[in-house]
file model36.txt (compact mmCIF, C-alpha atoms and all ligand atoms)
# COMPACT_ATOMS: atom_id res chain seq x y z
CA MET A 1 -8.02 55.60 12.45
CA HIS A 2 -11.38 53.92 12.80
CA TYR A 3 -10.14 50.97 10.77
CA PHE A 4 -7.00 50.84 12.92
CA ARG A 5 -9.02 50.67 16.12
CA ILE A 6 -11.24 47.90 14.77
CA SER A 7 -8.25 45.86 13.69
CA VAL A 8 -6.61 46.30 17.09
CA VAL A 9 -9.78 45.03 18.74
CA VAL A 10 -9.94 42.08 16.36
CA VAL A 11 -6.34 41.21 17.10
CA LEU A 12 -6.87 41.47 20.85
CA LEU A 13 -9.96 39.28 20.71
CA ALA A 14 -8.13 36.75 18.59
CA ASN A 15 -5.32 36.83 21.12
CA ILE A 16 -7.64 36.07 24.00
CA LEU A 17 -9.31 33.31 22.04
CA PHE A 18 -5.97 31.86 21.17
CA VAL A 19 -4.79 31.91 24.76
CA SER A 20 -7.85 30.02 25.86
CA ILE A 21 -7.69 27.53 23.00
CA THR A 22 -4.00 26.86 22.74
CA ALA A 23 -2.40 27.81 26.04
CA LYS A 24 -1.69 24.36 27.28
CA SER A 25 -1.12 22.89 30.64
CA TYR A 26 1.98 20.73 30.52
CA GLU A 27 0.45 18.27 32.97
CA GLY A 28 1.47 14.75 32.00
CA TYR A 29 3.87 15.87 29.31
CA LYS A 30 7.18 14.05 29.40
CA LEU A 31 10.63 15.31 28.55
CA TYR A 32 13.11 13.08 26.74
CA GLN A 33 16.74 13.44 25.83
CA LEU A 34 17.70 11.50 22.71
CA THR A 35 21.17 10.55 21.57
CA PRO A 36 21.17 9.83 17.83
CA LYS A 37 23.76 7.25 16.82
CA GLY A 38 24.03 8.29 13.19
CA GLU A 39 22.47 9.84 10.12
CA GLU A 40 19.48 7.47 10.22
CA ASP A 41 18.57 8.39 13.81
CA ILE A 42 18.91 12.08 12.99
CA ASN A 43 16.45 11.68 10.11
CA ILE A 44 13.95 9.90 12.34
CA LEU A 45 14.13 12.73 14.87
CA GLN A 46 13.79 15.35 12.16
CA ASN A 47 10.66 13.65 10.89
CA LEU A 48 9.17 13.52 14.36
CA SER A 49 9.99 17.19 14.89
CA LYS A 50 7.74 18.13 11.97
CA GLN A 51 4.71 17.13 14.03
CA VAL A 52 4.97 20.31 16.04
CA GLU A 53 1.83 19.91 18.14
CA ARG A 54 2.75 16.46 19.40
CA PHE A 55 6.50 16.54 19.68
CA ASP A 56 7.90 19.86 20.82
CA PHE A 57 11.62 19.72 20.10
CA LEU A 58 13.39 22.20 22.39
CA ASN A 59 16.54 21.53 20.42
CA SER A 60 17.46 18.75 18.02
CA GLU A 61 17.81 16.20 20.85
CA THR A 62 15.43 17.26 23.60
CA VAL A 63 11.73 16.82 23.14
CA ILE A 64 8.54 17.35 25.13
CA VAL A 65 5.94 14.75 24.25
CA GLU A 66 2.24 15.42 24.86
CA PRO A 67 0.30 12.75 26.80
CA ASN A 68 -1.75 11.43 23.86
CA SER A 69 1.35 10.85 21.77
CA LEU A 70 3.37 9.06 24.45
CA LYS A 71 2.46 5.57 23.28
CA GLU A 72 3.40 6.30 19.72
CA PHE A 73 6.63 7.98 20.81
CA GLU A 74 7.64 5.08 23.01
CA ASN A 75 6.87 2.67 20.17
CA ALA A 76 9.15 4.68 17.89
CA LEU A 77 11.93 4.55 20.51
CA GLU A 78 11.55 0.80 20.65
CA LYS A 79 11.15 0.23 16.92
CA TYR A 80 14.17 2.29 15.86
CA GLN A 81 16.23 1.33 18.94
CA LEU A 82 16.82 5.00 19.72
CA GLU A 83 19.05 5.79 22.66
CA TYR A 84 17.15 7.99 25.13
CA LYS A 85 16.82 9.21 28.68
CA LEU A 86 13.58 10.28 30.37
CA LEU A 87 14.50 13.65 31.88
CA ASP A 88 11.17 14.64 33.42
CA GLU A 89 8.12 12.48 34.17
CA ASP A 90 5.81 15.46 34.43
CA VAL A 91 7.02 18.66 32.83
CA GLY A 92 3.92 20.54 34.01
CA LYS A 93 4.70 19.93 37.65
CA THR A 94 8.28 21.20 37.53
CA LEU A 95 7.41 24.08 35.23
CA THR A 96 4.56 25.18 37.47
CA ARG A 97 6.70 25.00 40.60
CA ASN A 98 9.46 27.17 39.15
CA PHE A 99 6.92 29.56 37.65
CA GLU A 100 4.95 29.94 40.87
CA VAL A 101 8.05 30.48 43.01
CA ASN A 102 9.03 33.35 40.74
CA ARG A 103 5.50 34.78 40.93
CA LEU A 104 5.58 34.57 44.70
CA MET A 105 8.94 36.32 44.78
CA LYS A 106 7.45 39.10 42.66
CA THR A 107 4.73 39.62 45.26
CA LEU A 108 7.14 39.45 48.16
CA LYS A 109 9.78 41.65 46.54
CA PRO A 110 8.01 44.14 44.27
CA TYR A 111 10.23 46.40 42.18
CA LYS A 112 9.35 50.03 42.75
CA GLY A 113 11.97 51.47 40.43
CA GLN A 114 14.80 53.82 41.39
CA GLU A 115 17.09 51.01 42.45
CA ARG A 116 19.05 48.11 41.04
CA LEU A 117 17.40 44.85 40.06
CA SER A 118 18.32 41.88 42.20
CA THR A 119 19.17 38.41 40.98
CA GLU A 120 16.53 36.94 43.29
CA ARG A 121 13.86 36.65 40.62
CA TYR A 122 13.05 37.27 36.95
CA TYR A 123 11.66 40.67 36.01
CA SER A 124 8.96 41.74 33.59
CA HIS A 125 9.69 43.84 30.52
CA GLY A 126 8.10 46.85 32.23
CA GLU A 127 10.33 46.44 35.28
CA ILE A 128 13.40 46.13 33.09
CA ASN A 129 12.48 49.32 31.24
CA ALA A 130 11.97 51.08 34.57
CA TYR A 131 15.45 49.99 35.64
CA LEU A 132 16.95 51.32 32.41
CA GLU A 133 15.17 54.65 32.99
CA TYR A 134 16.57 54.77 36.50
CA LEU A 135 20.10 54.22 35.15
CA ALA A 136 19.65 56.95 32.55
CA GLN A 137 18.52 59.39 35.25
CA THR A 138 21.18 58.39 37.76
CA TYR A 139 24.17 58.27 35.40
CA PRO A 140 23.39 60.91 32.75
CA GLN A 141 27.09 61.34 31.95
CA ARG A 142 27.64 57.72 31.14
CA VAL A 143 24.34 56.36 29.93
CA ILE A 144 22.16 57.12 26.91
CA LEU A 145 18.79 55.40 26.66
CA LYS A 146 16.96 55.28 23.37
CA THR A 147 13.71 53.67 22.30
CA MET A 148 14.68 51.93 19.08
CA GLY A 149 11.18 50.93 18.07
CA TYR A 150 8.10 49.15 19.35
CA SER A 151 7.07 45.53 19.52
CA PHE A 152 3.96 44.39 17.67
CA GLU A 153 1.87 44.91 20.82
CA GLY A 154 3.41 48.34 21.34
CA ARG A 155 6.11 47.77 23.95
CA ALA A 156 9.05 50.18 23.84
CA LEU A 157 12.26 48.40 22.89
CA LYS A 158 14.93 50.37 24.70
CA ALA A 159 18.64 50.08 23.99
CA ILE A 160 21.12 51.42 26.48
CA THR A 161 24.44 52.87 25.34
CA ILE A 162 27.05 52.72 28.06
CA THR A 163 30.13 54.92 27.90
CA ASN A 164 32.83 56.05 30.32
CA GLY A 165 31.50 59.58 30.15
CA GLN A 166 34.65 61.05 28.58
CA GLY A 167 33.01 62.25 25.40
CA SER A 168 32.62 60.27 22.26
CA TYR A 169 35.65 60.33 20.05
CA ASP A 170 35.50 57.55 17.51
CA LYS A 171 35.06 54.67 19.87
CA ASN A 172 34.48 51.12 18.84
CA VAL A 173 31.28 49.36 19.80
CA ILE A 174 30.22 46.07 21.33
CA LEU A 175 26.56 45.29 20.66
CA VAL A 176 24.74 42.84 22.92
CA ASP A 177 21.15 41.68 22.93
CA GLY A 178 18.99 39.29 24.90
CA GLY A 179 15.49 37.89 24.93
CA PHE A 180 15.18 36.92 21.28
CA HIS A 181 13.36 33.78 22.36
CA ALA A 182 10.59 34.42 24.84
CA ARG A 183 11.08 31.43 27.11
CA GLU A 184 14.85 31.86 27.53
CA TRP A 185 14.47 33.95 30.67
CA ILE A 186 18.08 33.68 31.76
CA SER A 187 19.06 35.68 28.68
CA PRO A 188 17.46 39.04 29.64
CA ALA A 189 18.60 38.39 33.22
CA SER A 190 22.20 38.07 31.99
CA ALA A 191 21.94 41.14 29.78
CA ILE A 192 20.70 43.13 32.78
CA TYR A 193 23.56 41.88 34.91
CA ALA A 194 26.03 42.94 32.20
CA ILE A 195 24.42 46.39 32.11
CA GLU A 196 24.63 46.66 35.87
CA GLN A 197 28.29 45.69 35.89
CA LEU A 198 29.21 48.20 33.21
CA VAL A 199 27.22 51.06 34.74
CA GLU A 200 26.99 50.55 38.49
CA ASN A 201 30.22 48.60 38.93
CA PHE A 202 32.05 50.95 36.61
CA GLU A 203 35.35 51.12 38.54
CA ALA A 204 35.90 47.38 38.33
CA ASN A 205 35.05 47.30 34.64
CA LYS A 206 36.30 50.61 33.29
CA GLU A 207 38.92 49.02 31.02
CA LEU A 208 35.97 47.68 29.01
CA LEU A 209 34.84 51.24 28.36
CA ALA A 210 38.13 53.06 27.70
CA ASP A 211 38.02 52.86 23.90
CA TYR A 212 34.72 51.10 23.49
CA ASN A 213 31.05 51.89 24.02
CA TRP A 214 28.60 49.11 24.76
CA VAL A 215 25.10 49.08 23.29
CA ILE A 216 22.73 46.62 24.95
CA LEU A 217 19.13 45.72 24.13
CA PRO A 218 18.12 43.35 26.95
CA VAL A 219 14.72 42.19 25.68
CA VAL A 220 14.25 41.93 21.92
CA ASN A 221 11.05 39.89 21.91
CA ALA A 222 9.19 41.84 24.58
CA ASP A 223 5.71 40.56 23.64
CA GLY A 224 6.78 36.93 23.74
CA TYR A 225 8.64 37.47 27.00
CA GLU A 226 5.55 39.00 28.62
CA TYR A 227 3.40 36.18 27.27
CA THR A 228 5.62 33.62 29.00
CA GLN A 229 4.97 35.46 32.26
CA VAL A 230 1.20 35.08 32.06
CA SER A 231 1.06 31.51 33.38
CA ALA A 232 2.94 28.22 33.51
CA ASP A 233 0.85 27.18 30.49
CA THR A 234 2.37 29.86 28.29
CA ARG A 235 5.81 29.63 29.90
CA MET A 236 7.30 27.74 26.94
CA TRP A 237 6.41 30.25 24.25
CA ARG A 238 9.36 31.01 21.94
CA LYS A 239 8.23 33.29 19.10
CA THR A 240 6.93 36.81 18.71
CA ARG A 241 3.15 37.39 19.05
CA LYS A 242 1.92 38.75 15.74
CA PRO A 243 -0.93 36.59 14.44
CA LEU A 244 -0.85 35.16 10.97
CA PHE A 245 -4.04 34.16 9.23
CA HIS A 246 -3.57 31.24 6.84
CA GLU A 247 -5.69 28.55 5.19
CA GLY A 248 -5.61 26.33 8.24
CA GLY A 249 -6.70 29.12 10.59
CA ILE A 250 -4.60 31.40 12.71
CA CYS A 251 -1.19 30.89 14.24
CA TYR A 252 0.81 33.29 16.32
CA GLY A 253 4.31 34.56 16.03
CA THR A 254 7.47 34.27 14.02
CA ASP A 255 10.81 33.01 15.21
CA PRO A 256 12.66 36.33 15.33
CA ASN A 257 15.90 34.42 14.88
CA ARG A 258 14.80 33.16 11.47
CA ASN A 259 13.42 36.49 10.31
CA PHE A 260 16.65 38.21 9.19
CA ASP A 261 17.25 38.98 5.55
CA PHE A 262 20.33 36.88 5.03
CA HIS A 263 19.62 33.49 3.49
CA TRP A 264 16.12 34.05 4.80
CA ASN A 265 13.85 31.00 4.91
CA GLU A 266 16.55 28.58 3.84
CA GLU A 267 17.58 25.47 5.72
CA GLY A 268 16.59 25.18 9.37
CA ALA A 269 13.72 27.64 9.04
CA SER A 270 10.08 26.74 8.50
CA SER A 271 7.41 28.19 6.19
CA ASP A 272 4.69 26.82 8.47
CA PRO A 273 3.23 29.70 10.54
CA CYS A 274 2.45 27.23 13.33
CA SER A 275 6.03 26.00 13.59
CA ASN A 276 8.32 27.20 16.34
CA THR A 277 10.94 28.08 13.74
CA PHE A 278 8.60 29.95 11.37
CA ALA A 279 10.72 32.37 9.33
CA GLY A 280 7.84 34.85 9.00
CA PRO A 281 5.76 35.80 5.93
CA LYS A 282 8.78 37.74 4.63
CA ALA A 283 12.20 38.78 5.88
CA PHE A 284 11.97 41.44 8.59
CA SER A 285 8.23 41.03 8.91
CA GLU A 286 8.66 41.44 12.67
CA PRO A 287 9.22 44.90 14.17
CA GLU A 288 11.42 43.33 16.84
CA ALA A 289 13.82 41.93 14.21
CA MET A 290 13.78 45.32 12.45
CA VAL A 291 14.97 46.98 15.65
CA VAL A 292 17.95 44.62 15.89
CA ARG A 293 18.63 45.08 12.18
CA ASP A 294 18.75 48.86 12.67
CA LEU A 295 21.05 48.54 15.68
CA ILE A 296 23.36 46.33 13.62
CA HIS A 297 23.49 48.79 10.72
CA THR A 298 23.88 51.85 12.93
CA ASN A 299 26.89 50.23 14.54
CA SER A 300 28.33 48.19 11.68
CA VAL A 301 31.27 50.54 10.99
CA LYS A 302 32.49 50.80 14.58
CA GLY A 303 31.00 47.56 15.80
CA GLN A 304 33.59 44.90 16.57
CA MET A 305 31.51 42.32 18.40
CA TYR A 306 27.85 41.38 18.19
CA LEU A 307 26.75 39.03 20.95
CA THR A 308 23.26 37.60 21.21
CA LEU A 309 22.34 35.79 24.42
CA HIS A 310 20.21 32.66 24.21
CA SER A 311 19.72 29.46 26.12
CA GLN A 312 20.39 26.60 26.38
CA GLY A 313 23.40 24.40 25.76
CA LYS A 314 26.68 25.92 27.07
CA LEU A 315 27.70 26.87 23.56
CA LEU A 316 29.62 29.72 22.03
CA LEU A 317 28.59 29.73 18.39
CA TYR A 318 29.99 31.71 15.52
CA PRO A 319 29.01 32.00 11.83
CA TRP A 320 27.97 30.46 9.72
CA GLY A 321 24.62 29.17 10.80
CA TRP A 322 23.17 28.91 7.29
CA THR A 323 25.88 26.66 5.81
CA ASP A 324 28.45 24.28 7.18
CA ALA A 325 31.20 26.24 5.44
CA LEU A 326 33.35 28.33 7.77
CA PRO A 327 34.10 32.00 7.21
CA ASP A 328 37.69 32.83 6.17
CA THR A 329 38.26 34.51 9.51
CA TRP A 330 36.98 31.63 11.61
CA GLU A 331 40.24 31.53 13.59
CA ASP A 332 39.63 35.06 14.88
CA LEU A 333 36.11 34.10 15.86
CA HIS A 334 37.35 30.95 17.52
CA GLU A 335 40.07 32.79 19.43
CA VAL A 336 37.65 35.30 20.95
CA ALA A 337 35.04 32.67 21.81
CA ALA A 338 37.74 30.46 23.35
CA ALA A 339 38.81 33.37 25.56
CA GLY A 340 35.25 33.46 26.90
CA ALA A 341 34.99 29.71 27.31
CA ASP A 342 38.38 29.48 29.07
CA ALA A 343 37.55 32.28 31.49
CA ILE A 344 34.27 30.59 32.40
CA TYR A 345 35.98 27.25 32.87
CA GLN A 346 38.58 28.82 35.16
CA ALA A 347 35.90 30.60 37.18
CA THR A 348 33.28 27.89 37.63
CA GLY A 349 34.35 24.72 35.84
CA THR A 350 31.46 25.02 33.36
CA ASN A 351 32.59 23.67 30.03
CA TYR A 352 31.38 25.64 27.01
CA THR A 353 31.74 24.16 23.54
CA VAL A 354 33.11 26.55 20.93
CA GLY A 355 32.46 26.25 17.20
CA SER A 356 30.38 27.34 14.25
CA SER A 357 26.59 27.19 14.69
CA THR A 358 26.09 24.64 11.96
CA THR A 359 28.90 22.32 12.95
CA VAL A 360 28.25 22.42 16.71
CA LEU A 361 24.45 22.76 16.79
CA TYR A 362 22.39 22.71 13.61
CA VAL A 363 21.85 24.64 10.45
CA ALA A 364 19.47 27.56 10.95
CA ALA A 365 19.38 30.30 8.35
CA GLY A 366 18.08 33.85 8.78
CA ALA A 367 19.49 34.41 12.27
CA SER A 368 20.84 37.66 13.69
CA ASP A 369 24.44 36.50 14.26
CA ASP A 370 25.00 35.66 10.59
CA TYR A 371 23.32 38.93 9.63
CA ALA A 372 25.58 41.01 11.89
CA PHE A 373 28.70 39.20 10.72
CA ASN A 374 27.74 39.74 7.09
CA ALA A 375 26.98 43.41 7.83
CA GLY A 376 30.56 44.01 8.99
CA PHE A 377 30.97 42.94 12.61
CA PRO A 378 34.24 40.94 12.58
CA ILE A 379 33.06 39.02 15.63
CA ALA A 380 29.51 37.71 16.01
CA PHE A 381 28.37 35.09 18.48
CA THR A 382 25.33 33.35 19.82
CA MET A 383 25.94 32.41 23.42
CA GLU A 384 23.73 29.55 24.56
CA LEU A 385 23.71 29.76 28.35
CA PRO A 386 23.52 26.62 30.46
CA GLY A 387 20.18 24.89 30.74
CA ALA A 388 18.49 24.32 34.09
CA GLY A 389 15.03 23.60 35.45
CA SER A 390 12.66 21.05 33.95
CA THR A 391 13.03 22.07 30.34
CA GLY A 392 16.36 23.83 30.54
CA PHE A 393 14.57 27.12 29.89
CA ASP A 394 13.35 27.59 33.43
CA PRO A 395 16.29 27.76 35.80
CA PRO A 396 14.82 28.12 39.31
CA VAL A 397 15.24 31.54 40.86
CA GLU A 398 17.98 30.29 43.20
CA MET A 399 20.18 29.70 40.16
CA ILE A 400 19.88 33.13 38.56
CA ASP A 401 22.72 34.65 40.54
CA GLU A 402 25.33 32.02 39.69
CA LEU A 403 24.29 31.83 36.04
CA VAL A 404 24.36 35.55 35.32
CA LYS A 405 27.67 35.97 37.15
CA GLU A 406 29.21 33.11 35.21
CA THR A 407 27.90 34.56 31.95
CA TRP A 408 29.39 37.92 32.80
CA VAL A 409 32.81 36.31 33.28
CA GLY A 410 32.57 35.06 29.69
CA ILE A 411 31.24 38.33 28.26
CA LYS A 412 33.96 40.31 29.99
CA ALA A 413 36.74 37.99 28.80
CA MET A 414 35.46 38.15 25.22
CA GLY A 415 35.14 41.93 25.49
CA LEU A 416 38.75 42.23 26.65
CA LYS A 417 39.97 39.97 23.86
CA VAL A 418 38.07 42.00 21.27
CA ILE A 419 39.49 45.24 22.67
CA GLU A 420 43.00 43.77 22.40
CA LYS A 421 42.47 42.45 18.86
CA TYR A 422 40.64 45.44 17.45
CA PRO A 423 42.12 48.61 18.97
CA VAL A 424 40.69 51.97 18.01
CA VAL A 425 42.55 53.25 14.99
O1 LIG A 501 17.98 28.14 16.91
C1 LIG A 501 18.34 29.23 17.34
O2 LIG A 501 17.83 30.29 17.00
C2 LIG A 501 19.47 29.28 18.38
N1 LIG A 501 19.26 28.25 19.36
S1 LIG A 501 18.02 28.33 20.42
O3 LIG A 501 17.92 27.06 21.09
N2 LIG A 501 18.31 29.43 21.52
O4 LIG A 501 16.83 28.67 19.71
C3 LIG A 501 20.80 29.06 17.70
C4 LIG A 501 21.15 30.06 16.63
C5 LIG A 501 22.54 29.87 16.13
N3 LIG A 501 22.87 30.73 15.03
C6 LIG A 501 22.58 30.45 13.75
N4 LIG A 501 22.08 29.34 13.38
N5 LIG A 501 22.87 31.36 12.85
ZN ZN A 502 17.19 31.13 21.60

call {"tool": "encode", "arguments": {"input": "model36.txt", "output": "structure tokens"}}
result
Amino acid sequence: MHYFRISVVVVLLANILFVSITAKSYEGYKLYQLTPKGEEDINILQNLSKQVERFDFLNSETVIVEPNSLKEFENALEKYQLEYKLLDEDVGKTLTRNFEVNRLMKTLKPYKGQERLSTERYYSHGEINAYLEYLAQTYPQRVILKTMGYSFEGRALKAITITNGQGSYDKNVILVDGGFHAREWISPASAIYAIEQLVENFEANKELLADYNWVILPVVNADGYEYTQVSADTRMWRKTRKPLFHEGGICYGTDPNRNFDFHWNEEGASSDPCSNTFAGPKAFSEPEAMVVRDLIHTNSVKGQMYLTLHSQGKLLLYPWGWTDALPDTWEDLHEVAAAGADAIYQATGTNYTVGSSTTVLYVAAGASDDYAFNAGFPIAFTMELPGAGSTGFDPPVEMIDELVKETWVGIKAMGLKVIEKYPVV
């Protein structure tokens, strides 16, 4: 007990120290979009992306460059004749503006619980949990709320099971999660909107709950998500928050989407604890990934679709993400994803790309979608919501409403397709 308390104190102190040392102002950082013209360009970008402190690749083609490395970066652009576009002259400025507007909205419109969450601003993990509690109290016939585990810093990770209240004969299950990556704020916002639609707008959506229950965990990486809400300087955090002591010092967090025990730490994952795609010291080292693992296994017999919400890219990705081979059933996966993409296109004109993770995006092993698919979910997707804001991860508050509504159109269409394809037997 005594030892436990000391180690908690040590960790907290280290945390504070780390915030002050490494929380960085993005003032003067520039954002570039690169368009590789072939294998050679891709290799150059991959090499640059290894220098994690200087070149922060948000995805394989978008990079934030820190002020002291700008010269060298521009020289490389010139030398290798790389095709590029400067997307933001000063990332810090845009990031800070969007961050501060949200903070102001929080002050102006505090959430006191016992009511629905608006789409006017982003909410903290505590506020989201309070909303889930409110739903469980208000709709006891249709909602079950369960704490599935705790984050490293002790936050309760609550999953909501939504039913139509007509008892639980052997219904199928759709499992949805959000907030794997801390900075992808539109993901928890979309998960919350889906929850609200299924619970509070039940009449309009009851066909989704006739033979199916929905299980939704809106914020997987609660510690990381809270950390991004501390200040604009920590806004771009991606990983969990558990520290790892190594020869070079201390680095924080694991990429929870590289921490799953399926082709763990293979291609597209890093063994460097300071990297943004660090796979963790071992598979399922992170309590947050363990919670999703348990949800997947609990539901793997009845579970027909696993959907994990990320941003950014307007992509509907299916397995595999660890190899460029396609699963035998890729046509089923493609059909369901296409139903989502088509519905979104009809509704808003937004054009999602559908395909396997590796072929459409990049190879990244140890992710939750591959794990769920391998565990028995016939349908498993990563949905990369549209990017907006300076970095794509910080859509301004005015855009939340349209983005979450659009996302719901896709989720609903995919849900209906799954229900049609996989009826309860
Ligand atoms: O890299 C990721 O974890 C996801 N993209 S993100 O920009 N949101 O970080 C994509 C994961 C796709 N799935 C697999 N590779 N299995
Ligand atoms: Zn993500």

call {"tool": "residues_around", "arguments": {"input": "model36.txt", "residues": "Ile379 (chain A)", "least_positions_apart": "5", "cutoff": "12 Å", "atoms": "only C-alpha atoms", "output": "VMD selection string"}}
result
chain A and resid 173 to 176 300 302 to 308 316 to 320 327 329 to 337 369 to 374 414 to 415 417 to 419 421 to 422

call {"tool": "residues_near_ligand", "arguments": {"input": "model36.txt", "ligand": "ligand LIG 501 (chain A)", "cutoff": "7 Å", "atoms": "only C-alpha atoms and all ligand atoms", "output": "JSON, numbers by chain"}}
result
{"A": [58, 59, 181, 257, 258, 310, 311, 312, 317, 319, 320, 321, 322, 357, 358, 362, 363, 364, 365, 366, 367, 368, 369, 370, 382, 384]}

call {"tool": "closest_residue", "arguments": {"input": "model36.txt", "among": "A:Val52, A:Leu385, A:Leu117, A:Ala343", "to": "Ile64 (chain A)", "atoms": "all atoms listed in the file"}}
result
A:Val52

call {"tool": "residues_around", "arguments": {"input": "model36.txt", "residues": "region 271-278 of chain A", "least_positions_apart": "5", "cutoff": "8 Å", "atoms": "only C-alpha atoms", "output": "list in words"}}
result
Val52, Arg238, Lys239, Leu244, His246, Cys251, Tyr252, Gly253, Thr254, Asp255, Arg258 and Asn265 of chain A

call {"tool": "residues_around", "arguments": {"input": "model36.txt", "residues": "His125 (chain A)", "least_positions_apart": "2", "cutoff": "7 Å", "atoms": "only C-alpha atoms", "output": "list in words"}}
result
Tyr123, Glu127, Ile128, Asn129, Ala222 and Glu226 of chain A

call {"tool": "atom_distance", "arguments": {"input": "model36.txt", "atom1": "CA of Asp401 (chain A)", "atom2": "CA of Gln114 (chain A)"}}
result
20.8 Å

call {"tool": "atom_distance", "arguments": {"input": "model36.txt", "atom1": "CA of Gln46 (chain A)", "atom2": "CA of Glu61 (chain A)"}}
result
9.6 Å

call {"tool": "atom_distance", "arguments": {"input": "model36.txt", "atom1": "CA of Ile344 (chain A)", "atom2": "CA of Thr407 (chain A)"}}
result
7.5 Å

call {"tool": "residues_around", "arguments": {"input": "model36.txt", "residues": "Met148 (chain A)", "least_positions_apart": "6", "cutoff": "9 Å", "atoms": "only C-alpha atoms", "output": "CSV table (one decimal) with C-alpha atoms, in the coordinates of the input"}}
result
chain,number,residue,atom,x,y,z
A,156,ALA,CA,9.0,50.2,23.8
A,157,LEU,CA,12.3,48.4,22.9
A,158,LYS,CA,14.9,50.4,24.7
A,159,ALA,CA,18.6,50.1,24.0
A,291,VAL,CA,15.0,47.0,15.6
A,292,VAL,CA,18.0,44.6,15.9
A,294,ASP,CA,18.8,48.9,12.7
A,295,LEU,CA,21.0,48.5,15.7

call {"tool": "axis_aligned_box", "arguments": {"input": "model36.txt", "around": "region 321-340 of chain A", "padding_each_side": "4 Å", "output": "AutoDock Vina command-line options"}}
result
--center_x 31.7 --center_y 29.8 --center_z 16.2 --size_x 25.1 --size_y 19.0 --size_z 29.5

call {"tool": "closest_residue", "arguments": {"input": "model36.txt", "among": "A:Arg183, A:Lys282, A:Lys106, A:Lys71", "to": "ligand ZN 502 (chain A)", "atoms": "only C-alpha atoms and all ligand atoms"}}
result
A:Arg183

call {"tool": "closest_residue", "arguments": {"input": "model36.txt", "among": "A:Glu406, A:Glu247, A:Glu207, A:Glu288", "to": "Gln346 (chain A)", "atoms": "only C-alpha atoms"}}
result
A:Glu406

call {"tool": "closest_residue", "arguments": {"input": "model36.txt", "among": "A:Val424, A:Val143, A:Leu315, A:Leu198", "to": "ligand ZN 502 (chain A)", "atoms": "only C-alpha atoms and all ligand atoms"}}
result
A:Leu315

call {"tool": "closest_residue", "arguments": {"input": "model36.txt", "among": "A:Lys109, A:Thr391, A:Phe152, A:Ile411", "to": "Phe57 (chain A)", "atoms": "only C-alpha atoms"}}
result
A:Thr391

call {"tool": "closest_residue", "arguments": {"input": "model36.txt", "among": "A:Thr138, A:Ser187, A:Asn299, A:Asn75", "to": "ligand ZN 502 (chain A)", "atoms": "all atoms listed in the file"}}
result
A:Ser187

call {"tool": "residues_around", "arguments": {"input": "model36.txt", "residues": "Asp177 (chain A)", "least_positions_apart": "2", "cutoff": "8 Å", "atoms": "all atoms listed in the file", "output": "list in words"}}
result
Leu175, Gly179, Phe180, Ala191, Ile216, Leu217, Pro218, Val219, Val220, Leu307, Thr308 and Leu309 of chain A

call {"tool": "write_last_selection", "arguments": {"input": "model36.txt", "atoms": "C-alpha atoms", "output": "mmCIF file, keeping the file's coordinate frame"}}
result
data_model
loop_
_atom_site.group_PDB
_atom_site.id
_atom_site.type_symbol
_atom_site.label_atom_id
_atom_site.label_comp_id
_atom_site.auth_asym_id
_atom_site.auth_seq_id
_atom_site.Cartn_x
_atom_site.Cartn_y
_atom_site.Cartn_z
ATOM 1 C CA LEU A 175 26.560 45.290 20.660
ATOM 2 C CA GLY A 179 15.490 37.890 24.930
ATOM 3 C CA PHE A 180 15.180 36.920 21.280
ATOM 4 C CA ALA A 191 21.940 41.140 29.780
ATOM 5 C CA ILE A 216 22.730 46.620 24.950
ATOM 6 C CA LEU A 217 19.130 45.720 24.130
ATOM 7 C CA PRO A 218 18.120 43.350 26.950
ATOM 8 C CA VAL A 219 14.720 42.190 25.680
ATOM 9 C CA VAL A 220 14.250 41.930 21.920
ATOM 10 C CA LEU A 307 26.750 39.030 20.950
ATOM 11 C CA THR A 308 23.260 37.600 21.210
ATOM 12 C CA LEU A 309 22.340 35.790 24.420
#

call {"tool": "build_atoms", "arguments": {"input": "model36.txt", "residues": "region 387-393 of chain A", "atoms": "N, CA and C atoms", "output": "tab-separated table (two decimals), keeping the file's coordinate frame"}}
result
chain	number	residue	atom	x	y	z
A	387	GLY	N	21.57	25.22	30.46
A	387	GLY	CA	20.18	24.89	30.74
A	387	GLY	C	20.01	24.52	32.20
A	388	ALA	N	18.82	24.75	32.72
A	388	ALA	CA	18.49	24.32	34.09
A	388	ALA	C	16.97	24.33	34.22
A	389	GLY	N	16.47	23.70	35.28
A	389	GLY	CA	15.03	23.60	35.45
A	389	GLY	C	14.52	22.39	34.68
A	390	SER	N	13.21	22.25	34.56
A	390	SER	CA	12.66	21.05	33.95
A	390	SER	C	13.00	20.97	32.47
A	391	THR	N	12.85	22.08	31.78
A	391	THR	CA	13.03	22.07	30.34
A	391	THR	C	14.37	22.66	29.91
A	392	GLY	N	15.11	23.15	30.87
A	392	GLY	CA	16.36	23.83	30.54
A	392	GLY	C	16.13	25.32	30.36
A	393	PHE	N	14.87	25.71	30.09
A	393	PHE	CA	14.57	27.12	29.89
A	393	PHE	C	14.07	27.79	31.16
